[in-house]
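Structure file model.cif; described as mmCIF, C-alpha atoms.
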data_structure
#
loop_
_atom_site.label_atom_id
_atom_site.label_comp_id
_atom_site.auth_asym_id
_atom_site.auth_seq_id
_atom_site.Cartn_x
_atom_site.Cartn_y
_atom_site.Cartn_z
CA MET A 81 -13.54 16.89 7.69
CA ILE A 82 -16.42 14.46 8.18
CA TRP A 83 -16.95 14.43 4.42
CA ALA A 84 -13.28 13.60 3.88
CA PHE A 85 -13.60 10.65 6.23
CA LEU A 86 -16.77 9.45 4.52
CA PHE A 87 -15.29 9.70 1.01
CA ALA A 88 -12.12 7.88 2.01
CA PHE A 89 -14.18 5.24 3.80
CA CYS A 90 -16.24 4.55 0.66
CA SER A 91 -13.22 4.40 -1.64
CA THR A 92 -11.38 2.05 0.73
CA VAL A 93 -14.44 -0.19 0.71
CA GLY A 94 -14.16 -0.14 -3.11
CA PHE A 95 -10.52 -1.23 -2.88
CA SER A 96 -11.52 -3.97 -0.44
CA ILE A 97 -13.93 -5.36 -3.04
CA LEU A 98 -11.20 -5.28 -5.71
CA PHE A 99 -8.71 -7.12 -3.47
CA HIS A 100 -11.24 -9.63 -2.15
CA VAL A 101 -11.01 -8.72 1.53
CA PRO A 102 -13.10 -11.24 3.54
CA LYS A 103 -16.67 -9.95 3.95
CA LYS A 104 -16.52 -9.59 7.74
CA HIS A 105 -13.44 -7.35 7.53
CA ILE A 106 -14.59 -4.95 4.80
CA ALA A 107 -16.05 -2.40 7.24
CA SER A 108 -12.95 -2.40 9.45
CA ALA A 109 -10.68 -2.05 6.40
CA GLY A 110 -12.79 0.92 5.35
CA LEU A 111 -12.42 2.41 8.83
CA VAL A 112 -8.62 2.06 8.61
CA GLY A 113 -8.55 3.88 5.27
CA GLY A 114 -10.93 6.58 6.46
CA LEU A 115 -8.95 7.29 9.64
CA GLY A 116 -5.66 7.40 7.70
CA TRP A 117 -7.05 9.94 5.26
CA LEU A 118 -8.66 11.94 8.12
CA THR A 119 -5.22 12.24 9.74
CA TYR A 120 -3.76 13.38 6.42
CA THR A 121 -6.39 16.10 5.94
CA TYR A 122 -6.04 17.20 9.57
CA PHE A 123 -2.28 17.68 9.16
CA ILE A 124 -2.76 19.52 5.84
CA ALA A 125 -5.40 21.78 7.41
CA SER A 126 -3.12 22.59 10.35
CA GLY A 127 -0.47 23.82 7.94
CA SER A 128 2.00 20.91 7.65
CA GLY A 129 3.59 19.91 4.38
CA SER A 130 2.07 17.04 2.39
CA VAL A 131 5.05 14.74 3.04
CA LEU A 132 4.69 15.03 6.81
CA ALA A 133 0.91 14.64 6.54
CA CYS A 134 1.33 11.51 4.44
CA PHE A 135 3.80 10.14 6.99
CA ALA A 136 1.36 10.72 9.86
CA GLY A 137 -1.55 9.21 7.93
CA SER A 138 0.44 6.09 7.08
CA CYS A 139 1.53 5.72 10.70
CA ILE A 140 -2.11 5.77 11.81
CA VAL A 141 -3.03 3.21 9.13
CA ALA A 142 -0.21 0.90 10.20
CA ILE A 143 -0.96 1.21 13.93
CA ILE A 144 -4.70 0.61 13.60
CA SER A 145 -4.12 -2.30 11.20
CA ASP A 146 -1.79 -3.86 13.72
CA LEU A 147 -4.38 -3.46 16.49
CA PHE A 148 -7.10 -4.94 14.26
CA SER A 149 -4.93 -7.88 13.24
CA ARG A 150 -4.34 -8.68 16.90
CA ALA A 151 -8.01 -8.20 17.79
CA PHE A 152 -9.38 -10.32 14.92
CA LYS A 153 -6.42 -12.79 14.86
CA ASP A 154 -5.86 -12.29 11.15
CA ALA A 155 -3.03 -11.08 8.93
CA ALA A 156 -2.31 -7.34 9.15
CA THR A 157 -1.95 -7.22 5.35
CA ILE A 158 -5.72 -7.46 5.00
CA PHE A 159 -6.13 -4.02 6.57
CA VAL A 160 -2.90 -2.33 5.49
CA ILE A 161 -3.20 -2.88 1.73
CA PRO A 162 -6.63 -1.28 1.18
CA GLY A 163 -6.04 1.27 3.96
CA ILE A 164 -2.82 2.68 2.58
CA LEU A 165 -4.08 3.17 -0.99
CA PRO A 166 -5.87 6.53 -0.49
CA LEU A 167 -2.52 7.97 0.65
CA VAL A 168 -0.53 6.78 -2.39
CA PRO A 169 0.12 10.01 -4.31
CA GLY A 170 -1.88 9.49 -7.51
CA ALA A 171 -2.68 13.18 -7.77
CA GLY A 172 1.00 14.09 -7.51
CA MET A 173 1.81 11.67 -10.32
CA TYR A 174 -0.87 13.22 -12.50
CA TYR A 175 0.27 16.79 -11.90
CA THR A 176 3.89 15.78 -12.57
CA MET A 177 2.80 14.33 -15.91
CA LEU A 178 0.89 17.54 -16.74
CA ALA A 179 4.01 19.58 -15.97
CA ILE A 180 6.07 17.30 -18.26
CA LEU A 181 3.54 17.81 -21.05
CA GLU A 182 3.70 21.57 -20.58
CA GLY A 183 7.49 21.38 -20.74
CA ASP A 184 7.80 23.16 -17.40
CA ILE A 185 10.99 21.62 -15.98
CA GLU A 186 10.90 23.49 -12.68
CA LYS A 187 7.34 22.46 -11.93
CA THR A 188 8.12 18.88 -12.99
CA ALA A 189 11.05 18.78 -10.59
CA SER A 190 9.14 20.24 -7.66
CA THR A 191 5.93 18.19 -7.98
CA GLY A 192 7.88 15.06 -8.97
CA THR A 193 10.14 15.34 -5.94
CA GLU A 194 7.13 15.87 -3.68
CA THR A 195 5.44 12.77 -5.14
CA ILE A 196 8.52 10.60 -4.67
CA LEU A 197 8.97 11.87 -1.13
CA MET A 198 5.32 11.13 -0.33
CA ALA A 199 5.68 7.54 -1.56
CA GLY A 200 8.91 7.27 0.42
CA SER A 201 7.24 8.62 3.55
CA ILE A 202 4.58 5.89 3.32
CA ALA A 203 7.34 3.29 3.15
CA VAL A 204 9.24 4.82 6.06
CA ALA A 205 6.08 5.09 8.17
CA LEU A 206 5.25 1.41 7.63
CA LEU A 207 8.84 0.51 8.49
CA VAL A 208 8.92 2.56 11.69
CA VAL A 209 5.57 1.32 12.98
CA ALA A 210 6.36 -2.32 12.19
CA SER A 211 9.73 -2.11 13.96
CA VAL A 212 8.30 -0.39 17.03
CA THR A 213 5.36 -2.79 17.40
CA LYS A 214 7.69 -5.76 16.99
CA LEU A 215 9.96 -4.37 19.70
CA LEU A 216 7.02 -3.69 22.02
CA ALA A 217 5.56 -7.15 21.50
CA GLN A 218 8.94 -8.79 22.18
CA THR A 219 9.64 -6.83 25.36
CA GLY A 220 6.07 -7.42 26.48
CA ARG A 221 6.47 -11.16 26.04
CA LYS A 222 9.81 -11.15 27.88
CA LEU A 223 8.37 -9.18 30.79
CA LEU A 224 5.44 -11.58 30.96
CA THR A 225 7.68 -14.66 31.17
CA TYR A 226 9.91 -12.84 33.67
CA PHE A 227 7.02 -12.06 36.02
CA ARG A 228 5.58 -15.54 35.73
CA ARG A 229 8.76 -17.09 37.05
CA MET B 1291 14.39 -42.95 -2.45
CA ILE B 1292 11.87 -40.48 -1.17
CA ASN B 1293 9.06 -42.05 0.77
CA GLN B 1294 5.41 -41.34 0.07
CA MET B 1295 4.80 -39.45 3.29
CA GLN B 1296 7.61 -37.00 2.61
CA LYS B 1297 6.43 -36.47 -0.92
CA LYS B 1298 2.92 -35.60 0.24
CA VAL B 1299 4.25 -33.18 2.83
CA LEU B 1300 6.33 -31.53 0.13
CA ILE B 1301 3.33 -31.18 -2.17
CA LEU B 1302 1.16 -29.81 0.63
CA ALA B 1303 3.72 -27.27 1.80
CA LEU B 1304 4.63 -26.09 -1.68
CA ARG B 1305 0.99 -25.81 -2.68
CA ALA B 1306 0.22 -23.65 0.37
CA GLY B 1307 3.27 -21.49 -0.31
CA GLU B 1308 2.44 -21.10 -3.98
CA LEU B 1309 -1.14 -20.05 -3.23
CA MET B 1310 -0.02 -17.48 -0.68
CA MET B 1311 2.63 -16.04 -2.95
CA LYS B 1312 0.19 -15.75 -5.83
CA SER B 1313 -2.33 -13.96 -3.61
CA GLY B 1314 0.20 -11.30 -2.69
CA ALA B 1315 1.48 -12.37 0.74
CA GLU B 1316 4.78 -11.18 2.16
CA ILE B 1317 7.84 -13.43 1.87
CA TYR B 1318 8.29 -14.08 5.59
CA ARG B 1319 4.68 -15.23 5.87
CA VAL B 1320 5.15 -17.74 3.03
CA GLU B 1321 8.41 -19.09 4.45
CA ASP B 1322 6.93 -19.29 7.93
CA THR B 1323 3.84 -21.20 6.74
CA ILE B 1324 5.91 -23.74 4.80
CA THR B 1325 8.27 -24.31 7.72
CA ARG B 1326 5.37 -24.76 10.16
CA ILE B 1327 3.60 -27.27 7.93
CA CYS B 1328 6.77 -29.35 7.49
CA LYS B 1329 7.62 -29.21 11.20
CA ALA B 1330 4.07 -30.29 12.06
CA CYS B 1331 4.64 -33.41 9.93
CA LYS B 1332 7.72 -34.24 12.05
CA ILE B 1333 10.36 -33.36 9.49
CA PRO B 1334 13.20 -31.93 11.58
CA TYR B 1335 15.33 -30.30 8.89
CA VAL B 1336 13.55 -27.74 6.70
CA GLU B 1337 15.11 -24.92 4.70
CA VAL B 1338 12.97 -22.71 2.51
CA PHE B 1339 13.91 -19.78 0.32
CA ALA B 1340 11.07 -17.89 -1.31
CA THR B 1341 11.18 -15.13 -3.90
CA PRO B 1342 8.22 -13.57 -5.76
CA THR B 1343 8.92 -15.81 -8.77
CA GLY B 1344 9.86 -19.12 -7.15
CA ILE B 1345 10.06 -21.19 -3.98
CA PHE B 1346 12.99 -23.47 -3.10
CA LEU B 1347 12.41 -26.09 -0.43
CA SER B 1348 14.83 -28.64 1.03
CA LEU B 1349 13.96 -31.21 3.60
CA ASP B 1350 15.60 -34.14 5.31
CA GLU B 1351 14.11 -36.68 7.67
CA GLY B 1352 17.27 -36.72 9.73
CA SER B 1353 17.73 -40.48 10.03
CA GLU B 1354 20.99 -42.28 9.07
CA ASP B 1355 19.94 -43.60 5.66
CA SER B 1356 17.67 -40.79 4.48
CA ASP B 1357 18.58 -38.48 1.62
CA MET B 1358 18.01 -34.79 1.40
CA HIS B 1359 15.37 -33.68 -1.06
CA THR B 1360 15.09 -30.32 -2.75
CA PHE B 1361 12.15 -29.06 -4.74
CA ILE B 1362 11.73 -25.90 -6.77
CA LYS B 1363 8.37 -24.37 -7.55
CA ARG B 1364 8.23 -21.69 -10.21
CA ILE B 1365 5.49 -19.12 -9.62
CA LYS B 1366 3.94 -17.40 -12.58
CA GLY B 1367 1.47 -14.56 -12.51
CA SER B 1368 -0.18 -13.12 -9.46
CA SER B 1369 -3.38 -11.44 -8.45
CA ILE B 1370 -4.15 -9.89 -5.10
CA ASP B 1371 -6.63 -11.99 -3.14
CA LEU B 1372 -6.59 -11.19 0.56
CA GLU B 1373 -9.26 -13.74 1.44
CA LYS B 1374 -6.98 -16.58 0.30
CA ILE B 1375 -4.16 -15.28 2.48
CA SER B 1376 -6.49 -15.13 5.45
CA GLN B 1377 -7.83 -18.64 4.82
CA ILE B 1378 -4.38 -20.21 4.42
CA ASN B 1379 -3.28 -18.42 7.59
CA HIS B 1380 -6.14 -20.09 9.45
CA PHE B 1381 -5.41 -23.39 7.73
CA SER B 1382 -1.76 -23.47 8.77
CA ARG B 1383 -2.70 -22.63 12.34
CA GLU B 1384 -5.27 -25.42 12.36
CA PHE B 1385 -2.92 -27.88 10.67
CA THR B 1386 -0.15 -27.36 13.20
CA SER B 1387 -2.31 -27.32 16.33
CA THR B 1388 -4.57 -30.30 15.55
CA ASP B 1389 -3.52 -33.63 14.04
CA LEU B 1390 -5.17 -33.17 10.67
CA SER B 1391 -4.08 -35.80 8.13
CA ILE B 1392 -2.07 -34.74 5.09
CA ASP B 1393 -4.78 -35.85 2.66
CA ALA B 1394 -7.40 -33.80 4.51
CA GLY B 1395 -5.01 -30.84 4.35
CA LEU B 1396 -4.61 -31.26 0.60
CA SER B 1397 -8.36 -31.28 0.06
CA ILE B 1398 -8.80 -28.12 2.19
CA LEU B 1399 -6.10 -26.42 0.13
CA LYS B 1400 -7.87 -27.46 -3.06
CA ASN B 1401 -11.04 -25.80 -1.75
CA ILE B 1402 -9.16 -22.61 -0.94
CA ALA B 1403 -7.50 -22.58 -4.36
CA GLY B 1404 -10.89 -22.92 -6.01
CA SER B 1405 -12.46 -19.97 -4.20
CA ARG B 1406 -13.32 -17.22 -6.66
CA PRO B 1407 -12.94 -13.47 -6.17
CA TYR B 1408 -16.09 -11.38 -5.85
CA PRO B 1409 -18.30 -11.52 -8.97
CA PHE B 1410 -17.19 -9.42 -11.92
CA LEU B 1411 -20.02 -6.86 -11.72
CA LEU B 1412 -19.41 -6.28 -8.02
CA ARG B 1413 -15.71 -5.69 -8.69
CA VAL B 1414 -16.56 -3.21 -11.43
CA PHE B 1415 -18.84 -1.48 -8.94
CA GLY B 1416 -15.97 -1.44 -6.41
CA ALA B 1417 -13.64 0.17 -8.96
CA ALA B 1418 -16.35 2.71 -9.75
CA LEU B 1419 -16.74 3.47 -6.03
CA VAL B 1420 -12.99 4.07 -5.69
CA SER B 1421 -12.74 6.44 -8.62
CA SER B 1422 -15.96 8.36 -7.95
CA PHE B 1423 -15.21 9.05 -4.30
CA PHE B 1424 -11.64 10.03 -5.12
CA ALA B 1425 -13.02 12.53 -7.61
CA LEU B 1426 -15.01 14.02 -4.73
CA ILE B 1427 -11.94 14.07 -2.46
CA PHE B 1428 -10.00 16.04 -5.06
CA GLN B 1429 -12.55 18.87 -5.21
CA GLY B 1430 -14.89 17.32 -7.73
CA THR B 1431 -18.54 18.20 -7.93
CA ILE B 1432 -21.51 15.84 -8.14
CA LYS B 1433 -21.21 15.90 -11.97
CA ASP B 1434 -17.60 14.72 -11.72
CA PHE B 1435 -18.74 12.00 -9.36
CA PHE B 1436 -20.80 10.37 -12.10
CA CYS B 1437 -18.15 10.93 -14.79
CA ALA B 1438 -15.51 9.26 -12.61
CA PHE B 1439 -17.94 6.47 -11.77
CA PHE B 1440 -18.30 5.70 -15.48
CA ALA B 1441 -14.60 6.15 -16.35
CA GLY B 1442 -13.48 3.97 -13.43
CA ALA B 1443 -15.90 1.19 -14.27
CA CYS B 1444 -14.88 1.14 -17.95
CA SER B 1445 -11.15 1.19 -17.28
CA TYR B 1446 -11.39 -1.56 -14.68
CA ALA B 1447 -13.39 -3.75 -17.10
CA LEU B 1448 -10.65 -3.11 -19.68
CA SER B 1449 -7.98 -4.19 -17.19
CA VAL B 1450 -9.82 -7.48 -16.53
CA LEU B 1451 -10.01 -8.04 -20.28
CA LEU B 1452 -6.27 -7.36 -20.68
CA ASP B 1453 -5.56 -9.78 -17.83
CA LYS B 1454 -7.46 -12.47 -19.71
CA ILE B 1455 -5.20 -12.14 -22.77
CA GLU B 1456 -2.12 -12.04 -20.50
CA THR B 1457 -0.45 -8.76 -21.32
CA ASN B 1458 2.43 -7.65 -19.12
CA LEU B 1459 1.94 -5.16 -16.33
CA PHE B 1460 3.40 -2.18 -18.16
CA ILE B 1461 1.05 -2.51 -21.14
CA ARG B 1462 -1.91 -3.05 -18.84
CA GLY B 1463 -1.25 0.05 -16.73
CA PHE B 1464 -0.57 2.09 -19.85
CA CYS B 1465 -3.71 1.03 -21.74
CA CYS B 1466 -6.07 1.31 -18.77
CA CYS B 1467 -4.91 4.76 -17.73
CA ALA B 1468 -4.90 6.00 -21.32
CA ALA B 1469 -8.47 4.70 -21.72
CA ALA B 1470 -9.54 6.27 -18.40
CA SER B 1471 -8.20 9.68 -19.35
CA LEU B 1472 -9.63 9.50 -22.89
CA ILE B 1473 -13.07 8.70 -21.46
CA ALA B 1474 -12.72 11.56 -18.98
CA LEU B 1475 -11.64 13.95 -21.74
CA SER B 1476 -14.49 13.02 -24.04
CA LEU B 1477 -17.08 13.26 -21.24
CA PHE B 1478 -15.63 16.62 -20.34
CA SER B 1479 -15.80 17.88 -23.93
CA MET B 1480 -19.48 16.88 -24.01
CA GLY B 1481 -19.93 19.24 -21.08
CA LEU B 1482 -20.70 16.55 -18.53
CA GLY B 1483 -17.94 17.26 -16.03
CA SER B 1484 -16.76 20.43 -14.35
CA ASN B 1485 -13.31 19.53 -12.99
CA LEU B 1486 -11.30 17.39 -15.41
CA ASN B 1487 -8.31 16.85 -13.10
CA SER B 1488 -10.40 15.29 -10.34
CA VAL B 1489 -12.03 12.82 -12.76
CA ILE B 1490 -8.69 11.67 -14.19
CA ILE B 1491 -7.04 11.41 -10.75
CA GLY B 1492 -9.99 9.42 -9.46
CA SER B 1493 -9.92 6.92 -12.27
CA ILE B 1494 -6.15 6.31 -12.17
CA MET B 1495 -6.31 5.66 -8.41
CA ILE B 1496 -7.47 2.09 -9.12
CA PHE B 1497 -4.19 1.15 -10.79
CA LEU B 1498 -1.71 2.67 -8.33
CA PRO B 1499 1.06 0.32 -7.10
CA GLY B 1500 0.08 0.44 -3.42
CA VAL B 1501 0.39 -3.30 -2.90
CA ALA B 1502 3.88 -3.52 -4.42
CA LEU B 1503 4.96 -0.55 -2.31
CA THR B 1504 3.70 -1.86 1.05
CA ASN B 1505 4.80 -5.45 0.49
CA GLY B 1506 8.20 -4.30 -0.78
CA VAL B 1507 8.76 -2.37 2.44
CA ARG B 1508 7.62 -5.26 4.60
CA ASP B 1509 9.89 -7.71 2.76
CA THR B 1510 12.88 -5.40 3.08
CA LEU B 1511 12.17 -4.99 6.78
CA ALA B 1512 12.06 -8.75 7.28
CA GLY B 1513 15.48 -9.05 5.61
CA ASP B 1514 14.30 -10.43 2.25
CA MET B 1515 16.29 -7.99 0.15
CA VAL B 1516 15.82 -9.83 -3.16
CA SER B 1517 12.07 -9.65 -3.13
CA GLY B 1518 12.00 -6.25 -1.45
CA SER B 1519 14.00 -4.66 -4.24
CA SER B 1520 12.14 -6.53 -6.97
CA LYS B 1521 8.80 -5.29 -5.64
CA GLY B 1522 10.23 -1.78 -5.42
CA ILE B 1523 11.13 -1.99 -9.12
CA GLU B 1524 7.63 -3.31 -9.86
CA ALA B 1525 6.10 -0.30 -8.11
CA VAL B 1526 8.29 2.09 -10.12
CA ILE B 1527 7.41 0.40 -13.42
CA ILE B 1528 3.67 0.55 -12.69
CA ALA B 1529 3.94 4.22 -11.71
CA VAL B 1530 5.82 5.03 -14.93
CA SER B 1531 3.25 3.12 -17.01
CA ILE B 1532 0.35 5.03 -15.43
CA ALA B 1533 2.01 8.40 -15.88
CA SER B 1534 2.93 7.69 -19.50
CA GLY B 1535 -0.56 6.38 -20.27
CA VAL B 1536 -2.15 9.58 -19.02
CA GLY B 1537 0.47 11.73 -20.74
CA VAL B 1538 0.10 10.05 -24.13
CA ALA B 1539 -3.70 10.21 -23.95
CA ILE B 1540 -3.74 13.94 -23.17
CA LYS B 1541 -1.14 14.69 -25.85
CA LEU B 1542 -3.09 12.71 -28.47
CA TRP B 1543 -6.29 14.50 -27.48
CA THR B 1544 -4.75 17.93 -27.95
CA LEU B 1545 -3.04 16.89 -31.20
CA LEU B 1546 -6.35 15.69 -32.60
CA GLY B 1547 -7.82 19.10 -31.86
CA GLY B 1548 -9.65 18.36 -28.62
CA VAL B 1549 -10.06 21.02 -26.01
CA PHE B 1550 -8.00 20.59 -22.84
#
Would you kindly transcribe this structure into structure tokens?
Amino acid sequence: MIWAFLFAFCSTVGFSILFHVPKKHIASAGLVGGLGWLTYTYFIASGSGSVLACFAGSCIVAIISDLFSRAFKDAATIFVIPGILPLVPGAGMYYTMLAILEGDIEKTASTGTETILMAGSIAVALLVVASVTKLLAQTGRKLLTYFRR
Amino acid sequence: MINQMQKKVLILALRAGELMMKSGAEIYRVEDTITRICKACKIPYVEVFATPTGIFLSLDEGSEDSDMHTFIKRIKGSSIDLEKISQINHFSREFTSTDLSIDAGLSILKNIAGSRPYPFLLRVFGAALVSSFFALIFQGTIKDFFCAFFAGACSYALSVLLDKIETNLFIRGFCCCAAASLIALSLFSMGLGSNLNSVIIGSIMIFLPGVALTNGVRDTLAGDMVSGSSKGIEAVIIAVSIASGVGVAIKLWTLLGGVF
């Protein structure tokens, strides 16, 4: 588990270098990626399917990125883009391609569907977290102005 | 006739928007930045419509005898540069909250536009880090770690080279992933790796369309359907190019008598 976190941390740092994340944010971007992948492995280890695990991991990435963007007063994109990349199903794509090469239609369909669903779950997780945080921030601001009056 | 002040504001706002769009910002952030800059220069009527390939901007001073002016900025090519997004974010905040002159703003923007990404060798090292640690994540051994390190570095250097000669994104994804898997296959046949799958997965991780996917979702959520769907298509095309690159490379390898 600790190894999984460490590996994901290092590869997210690699992505941060590729995408020119500002130097002071590289470590926190790595932390976001590591925690997202840790959540994914935890869910896989506790017997959930990979789609659900991917969803949970992406949720964690989106939530922590949002917190960091508020804490550092910077765009959330800086943390989300490198952080989400370990969860993008590259392995699924590769195994789907292998199944196509072997001519195994059933395997192609099953791994391909899983890959597409994983990518979709990342998208849905980002959507859900962004909507909820927006709602929370708006109601928070309204309450604040209400109490000040 | 457009007056000089308006023209400078237009140039400043469009320049900031263009830089952000090229660095991979979301649509709402670009539109918001342009609107803020124009409003800070006391232009009451601003309408901006941004898509990944162009920005449309109309403004009007609002007085009796003023005309409305519309400008279009075509945006070509893009590369992800999160530092630029962060800097322009800070710039627009500073520009709106303090009374910075327009000329000073233009010179700051010129500085931001001139900032380079990390040096080439460091980026190659970053790509190598990504692929080698992903090989470890996918049950690779320490031997695979070094194979993936090499394959990732080579394929990333190839992608920079292909960017220089301006190939389109399909060809780039295809060539880089084919090269990565050929390198992995040949290293494997020399007996240097122990788990071929982990090496190939690690080295294609660099080219995955994660940015297009996340930004597409964020654009769709903000109501920018045009750019949301176009980024979705971009993600699909990149994914297809990666898969076909790997597939063609493996097929060629087996046809030429290599062991798989």
Residues of chain A that approach chain B to 7 Å or less, counting only C-alpha atoms: could you list each one with the shortest pair of atoms and its distance in Å to one decimal, rows by chain and increasing residue number, as a tab-separated table?
residue	atom	partner	partner_atom	distance
A:Ala84	CA	B:Ile1427	CA	6.5
A:Phe87	CA	B:Phe1423	CA	5.4
A:Cys90	CA	B:Phe1423	CA	6.8
A:Ser91	CA	B:Val1420	CA	4.1
A:Thr92	CA	B:Val1420	CA	6.9
A:Gly94	CA	B:Gly1416	CA	4.0
A:Phe95	CA	B:Val1420	CA	6.5
A:Ile97	CA	B:Gly1416	CA	5.6
A:Leu98	CA	B:Arg1413	CA	5.4
A:Phe99	CA	B:Asp1371	CA	5.3
A:His100	CA	B:Asp1371	CA	5.3
A:Val101	CA	B:Leu1372	CA	5.2
A:Pro102	CA	B:Glu1373	CA	5.0
A:Asp154	CA	B:Ser1376	CA	6.4
A:Ala155	CA	B:Ser1376	CA	6.4
A:Ile158	CA	B:Leu1372	CA	5.9
A:Ile161	CA	B:Val1501	CA	5.9
A:Leu165	CA	B:Gly1500	CA	5.5
A:Val168	CA	B:Gly1500	CA	6.5
A:Gly170	CA	B:Met1495	CA	5.9
A:Ala171	CA	B:Ile1491	CA	5.6
A:Met173	CA	B:Ala1533	CA	6.5
A:Tyr174	CA	B:Ala1533	CA	6.6
A:Met177	CA	B:Gly1537	CA	6.0
A:Leu181	CA	B:Gly1537	CA	6.8
A:Ala203	CA	B:Val1507	CA	5.9
A:Leu207	CA	B:Leu1511	CA	6.7
Taking 3 positions as the minimum chain separation for residues in the same chain, which residues sit within 9 Å of range 142-152 of chain A when counting only C-alpha atoms? Answer as an NGL selection string. :A and (105 or 108-109 or 112 or 115-116 or 137-139 or 155-160 or 163-164 or 205-206 or 209-210 or 213)
Gap from CA of Asp1453 in chain B to CA of Phe1361 in chain B - Å, one decimal: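 It comes out at 29.3 Å.
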When you look at Asp1434 in chain B with a cut-off of 9 Å (counting all atoms listed in the file), what residues show up, excluding the ones that are within fewer than 3 positions of it in the same chain? I need them as a VMD selection string. chain B and resid 1422 1425 to 1426 1430 to 1431 1437 to 1439 1482 to 1486 1488 to 1489
Calculate how many Å separate CA of Arg1364 in chain B from CA of Ser1520 in chain B, rounding to one decimal. 16.0 Å
To verify the selection step, state as a list in words which residues the PyMOL selection byres ((chain B and resi 1460-1463) around 8) yields on this input.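 Applied to this file, the PyMOL selection byres ((chain B and resi 1460-1463) around 8) returns Ser1449, Leu1452, Asp1453, Thr1457, Asn1458, Leu1459, Phe1464, Cys1465, Cys1466, Cys1467, Phe1497, Ile1527, Ile1528, Ser1531, Ile1532 and Gly1535 of chain B.
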Measuring between all atoms listed in the file, which one of A:Val208, A:Leu215, A:Ile202, A:Met81 shows the shortest distance to Ala133 in chain A? A:Ile202
The PyMOL selection byres ((chain B and resi 1516) around 12) - which residues does that actually catch in the file I just gave you? List them as number ranges by chain. B: 1317, 1339-1344, 1506-1507, 1509-1515, 1517-1523
Record the distance separating CA of Ser1356 in chain B and CA of Lys1329 in chain B, expressed in Å with one decimal. 16.7 Å
Using all atoms listed in the file, list the residues that have an atom at most 7 Å from (10.1, -32.1, -2.9), coordinates as in the file, as JSON, numbers by chain. {"B": [1297, 1300, 1301, 1347, 1359, 1360, 1361]}
Model the absent atoms of range 1348-1359 of chain B so that N, CA and C atoms are present, and write the result as an mmCIF file, in the frame of the given file.
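File produced: part_30.cif:
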data_model
loop_
_atom_site.group_PDB
_atom_site.id
_atom_site.type_symbol
_atom_site.label_atom_id
_atom_site.label_comp_id
_atom_site.auth_asym_id
_atom_site.auth_seq_id
_atom_site.Cartn_x
_atom_site.Cartn_y
_atom_site.Cartn_z
ATOM 1 N N SER B 1348 14.034 -27.435 0.769
ATOM 2 C CA SER B 1348 14.830 -28.640 1.030
ATOM 3 C C SER B 1348 14.355 -29.266 2.303
ATOM 4 N N LEU B 1349 14.224 -30.596 2.308
ATOM 5 C CA LEU B 1349 13.960 -31.210 3.600
ATOM 6 C C LEU B 1349 14.652 -32.549 3.735
ATOM 7 N N ASP B 1350 14.870 -32.934 4.995
ATOM 8 C CA ASP B 1350 15.600 -34.140 5.310
ATOM 9 C C ASP B 1350 14.970 -34.741 6.560
ATOM 10 N N GLU B 1351 14.793 -36.066 6.534
ATOM 11 C CA GLU B 1351 14.110 -36.680 7.670
ATOM 12 C C GLU B 1351 15.045 -36.792 8.878
ATOM 13 N N GLY B 1352 16.343 -36.754 8.615
ATOM 14 C CA GLY B 1352 17.270 -36.720 9.730
ATOM 15 C C GLY B 1352 17.770 -38.080 10.187
ATOM 16 N N SER B 1353 17.237 -39.167 9.606
ATOM 17 C CA SER B 1353 17.730 -40.480 10.030
ATOM 18 C C SER B 1353 18.996 -40.822 9.243
ATOM 19 N N GLU B 1354 19.686 -41.910 9.627
ATOM 20 C CA GLU B 1354 20.990 -42.280 9.070
ATOM 21 C C GLU B 1354 20.952 -42.460 7.563
ATOM 22 N N ASP B 1355 19.926 -43.201 7.069
ATOM 23 C CA ASP B 1355 19.940 -43.600 5.660
ATOM 24 C C ASP B 1355 19.047 -42.725 4.779
ATOM 25 N N SER B 1356 18.574 -41.593 5.309
ATOM 26 C CA SER B 1356 17.670 -40.790 4.480
ATOM 27 C C SER B 1356 18.467 -39.777 3.655
ATOM 28 N N ASP B 1357 17.941 -39.472 2.486
ATOM 29 C CA ASP B 1357 18.580 -38.480 1.620
ATOM 30 C C ASP B 1357 17.931 -37.128 1.844
ATOM 31 N N MET B 1358 18.619 -36.104 1.351
ATOM 32 C CA MET B 1358 18.010 -34.790 1.400
ATOM 33 C C MET B 1358 17.296 -34.549 0.079
ATOM 34 N N HIS B 1359 16.124 -33.944 0.150
ATOM 35 C CA HIS B 1359 15.370 -33.680 -1.060
ATOM 36 C C HIS B 1359 15.127 -32.201 -1.231
#
